[in-house]
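Quick look at data_3.cif (mmCIF, C-alpha atoms):
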data_final
#
loop_
_atom_site.label_atom_id
_atom_site.label_comp_id
_atom_site.auth_asym_id
_atom_site.auth_seq_id
_atom_site.Cartn_x
_atom_site.Cartn_y
_atom_site.Cartn_z
CA VAL B 26 5.07 -12.68 -18.02
CA VAL B 27 2.05 -13.11 -15.77
CA LEU B 28 1.48 -10.72 -12.88
CA ALA B 29 -0.69 -12.80 -10.56
CA VAL B 30 -3.00 -11.01 -8.11
CA TYR B 31 -3.96 -13.22 -5.18
CA ASP B 32 -7.57 -12.83 -4.10
CA LYS B 33 -7.34 -13.62 -0.38
CA PRO B 34 -3.98 -12.77 1.21
CA LEU B 35 -3.72 -13.19 4.98
CA LYS B 36 -3.15 -9.46 5.47
CA SER B 37 -6.03 -7.01 5.48
CA LEU B 38 -6.72 -5.37 2.15
CA LEU B 39 -7.81 -1.82 1.44
CA PHE B 40 -8.78 -2.60 -2.15
CA SER B 41 -10.94 -5.49 -3.31
CA PRO B 42 -9.37 -8.13 -5.58
CA GLU B 43 -11.15 -6.50 -8.54
CA GLU B 44 -9.79 -3.04 -7.65
CA ARG B 45 -6.28 -4.45 -7.21
CA MET B 46 -6.54 -6.14 -10.63
CA THR B 47 -7.60 -2.87 -12.24
CA LEU B 48 -4.72 -0.96 -10.63
CA ALA B 49 -2.23 -3.68 -11.62
CA GLN B 50 -3.51 -3.66 -15.22
CA LYS B 51 -3.11 0.12 -15.36
CA ALA B 52 0.43 -0.17 -13.97
CA MET B 53 1.34 -2.70 -16.66
CA GLU B 54 -0.20 -0.88 -19.66
CA ALA B 55 3.25 0.03 -21.00
CA TYR B 56 4.31 -3.63 -20.96
CA PRO B 57 2.38 -5.57 -23.62
CA ASN B 58 4.17 -8.79 -22.68
CA VAL B 59 2.68 -8.70 -19.15
CA THR B 60 -0.75 -10.21 -18.45
CA VAL B 61 -2.51 -9.49 -15.17
CA VAL B 62 -4.49 -12.46 -13.85
CA GLY B 63 -6.32 -13.05 -10.59
CA TYR B 64 -6.10 -16.36 -8.77
CA SER B 65 -6.89 -18.16 -5.53
CA GLY B 66 -5.38 -21.16 -3.81
CA LEU B 67 -1.72 -22.07 -3.66
CA THR B 68 0.60 -19.90 -5.73
CA VAL B 69 2.66 -22.88 -6.82
CA SER B 70 -0.50 -24.65 -8.00
CA PHE B 71 -1.50 -21.58 -10.01
CA ALA B 72 1.99 -21.40 -11.51
CA LYS B 73 1.73 -25.04 -12.58
CA GLN B 74 -1.78 -24.49 -13.99
CA ILE B 75 -0.55 -21.71 -16.32
CA GLY B 76 2.63 -23.58 -17.28
CA ALA B 77 5.03 -21.27 -15.45
CA LYS B 78 8.57 -22.47 -14.85
CA ALA B 79 9.37 -19.88 -12.17
CA ILE B 80 7.78 -17.63 -9.56
CA VAL B 81 9.43 -14.22 -9.22
CA ARG B 82 9.20 -12.49 -5.84
CA GLY B 83 10.51 -9.16 -4.58
CA LEU B 84 12.66 -8.52 -1.52
CA ARG B 85 12.85 -5.14 0.24
CA VAL B 86 14.39 -5.85 3.62
CA PHE B 87 16.11 -8.74 5.38
CA SER B 88 12.90 -9.90 7.07
CA ASP B 89 11.38 -10.37 3.60
CA PHE B 90 14.22 -12.77 2.80
CA GLU B 91 13.43 -15.06 5.72
CA TYR B 92 9.73 -15.26 4.81
CA GLU B 93 10.37 -15.71 1.07
CA PHE B 94 13.09 -18.31 1.73
CA ARG B 95 10.66 -20.43 3.77
CA MET B 96 7.95 -19.98 1.13
CA ALA B 97 10.34 -20.99 -1.67
CA LEU B 98 11.34 -24.15 0.23
CA ALA B 99 7.68 -25.06 0.79
CA ASN B 100 6.87 -24.43 -2.88
CA THR B 101 9.76 -26.67 -3.90
CA ARG B 102 8.33 -29.44 -1.72
CA LEU B 103 4.98 -29.00 -3.46
CA ASP B 104 6.43 -28.89 -6.99
CA LYS B 105 10.13 -29.44 -7.70
CA GLU B 106 9.77 -28.27 -11.31
CA ILE B 107 8.89 -24.65 -10.46
CA ASP B 108 11.75 -22.42 -9.36
CA THR B 109 11.48 -19.34 -7.18
CA LEU B 110 13.53 -16.27 -8.09
CA ALA B 111 13.99 -13.34 -5.72
CA LEU B 112 14.72 -9.83 -6.94
CA ILE B 113 16.17 -7.29 -4.54
CA THR B 114 14.77 -3.75 -4.65
CA THR B 115 16.83 -0.61 -5.01
CA GLU B 116 17.98 1.12 -1.84
CA ALA B 117 15.58 3.98 -2.54
CA ASN B 118 12.58 1.64 -2.25
CA THR B 119 13.51 -0.41 0.80
CA PHE B 120 11.23 1.63 3.07
CA LEU B 121 8.15 1.17 0.90
CA SER B 122 5.39 -1.12 2.05
CA SER B 123 1.66 -1.15 1.52
CA SER B 124 1.19 -0.55 5.26
CA THR B 125 3.34 2.58 5.18
CA VAL B 126 1.60 3.96 2.09
CA LYS B 127 -1.87 3.20 3.49
CA GLU B 128 -1.11 4.83 6.84
CA ILE B 129 0.23 8.02 5.24
CA ALA B 130 -2.67 8.18 2.78
CA SER B 131 -5.25 7.56 5.51
CA TYR B 132 -4.15 10.82 7.18
CA GLY B 133 -4.21 12.73 3.90
CA GLY B 134 -0.44 12.66 3.52
CA ASN B 135 1.28 12.99 0.17
CA VAL B 136 2.24 9.60 -1.30
CA THR B 137 2.86 10.77 -4.87
CA SER B 138 6.57 9.93 -4.59
CA MET B 139 5.71 6.37 -3.55
CA VAL B 140 2.94 5.30 -5.95
CA PRO B 141 1.77 6.11 -9.49
CA ASP B 142 -0.70 8.99 -9.89
CA PHE B 143 -3.63 6.64 -10.51
CA VAL B 144 -2.92 4.76 -7.26
CA ASP B 145 -2.66 8.06 -5.38
CA GLN B 146 -6.08 9.01 -6.80
CA ALA B 147 -7.57 5.62 -5.85
CA LEU B 148 -6.23 6.02 -2.29
CA LYS B 149 -7.71 9.52 -2.01
CA GLU B 150 -11.08 8.22 -3.19
CA LYS B 151 -10.94 5.23 -0.83
CA TYR B 152 -10.13 7.46 2.17
CA GLY B 153 -12.55 10.20 1.14
CA TRP B 154 -9.92 12.88 0.50
CA THR B 155 -11.40 13.95 -2.85
CA ALA B 156 -14.22 16.43 -3.18
#
Please express what this file holds, its structure, as structure tokens.
Amino acid sequence: VVLAVYDKPLKSLLFSPEERMTLAQKAMEAYPNVTVVGYSGLTVSFAKQIGAKAIVRGLRVFSDFEYEFRMALANTRLDKEIDTLALITTEANTFLSSSTVKEIASYGGNVTSMVPDFVDQALKEKYGWTA
């Protein structure tokens, strides 16, 4: 399994691509079959480059489905041999988004129930909440 970290998403990033890679690698330490790799360009092109047969995406809310559905159709047009699979989150995690976590953390709020301890620490450092 390859966890691919895109270097230039259209949304604004709090952490640099290198910082995101480091956090992703830490999150996957318990999974020796997962490799964290950074990439740029089209996701479907990266998937083809590494010999992937499928792209796995996560869905939290209905609006995610519409976006991911359109993206999957576009990816199929670009490469018919790579499938897109969508996994639906648990009900308990539907409210989670990077925007929500960043906003709470930026005001010094407690996000420990939303992210791993090492991400909480990285957020505190980024926002200057540590001594």
Please check which residues have atoms at most 12 Å from (5.6, 1.9, -8.5) in the file's coordinates, counting only C-alpha atoms, and write them as number ranges by chain.
B: 48-49, 51-53, 114, 117-118, 121-123, 126, 136-145
Rank nothing, just name the residue among B:Val81, B:Met96, B:Ala29, B:Leu39 nearest to Ser65 (chain B), using all atoms listed in the file.
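So, comparing all the options, the nearest one is B:Ala29.
Distances from B:Ile129, B:Ala77, B:Leu84, B:Leu67 to Leu103 (chain B) were compared using only C-alpha atoms, and the smallest one belongs to B:Leu67.
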The PyMOL selection byres ((chain B and resi 56-61) around 6) - which residues does that actually catch in the file I just gave you? List them as a PyMOL selection string.
chain B and resi 26-29+50+53-55+62
Given the file above and the PyMOL selection byres ((chain B and resi 152) around 9), which residues are selected, and can you give them as a list in words?
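Residues picked by the PyMOL selection byres ((chain B and resi 152) around 9): Ala130, Ser131, Tyr132, Gly133, Ala147, Leu148, Lys149, Glu150, Lys151, Gly153, Trp154 and Thr155 of chain B.
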Mind giving me the axis-aligned box for region 29-47 of chain B with 3 Å on every side, centre plus edges in Å to one decimal, as AutoDock Vina command-line options?
--center_x -5.9 --center_y -7.7 --center_z -3.4 --size_x 16.5 --size_y 17.8 --size_z 23.7
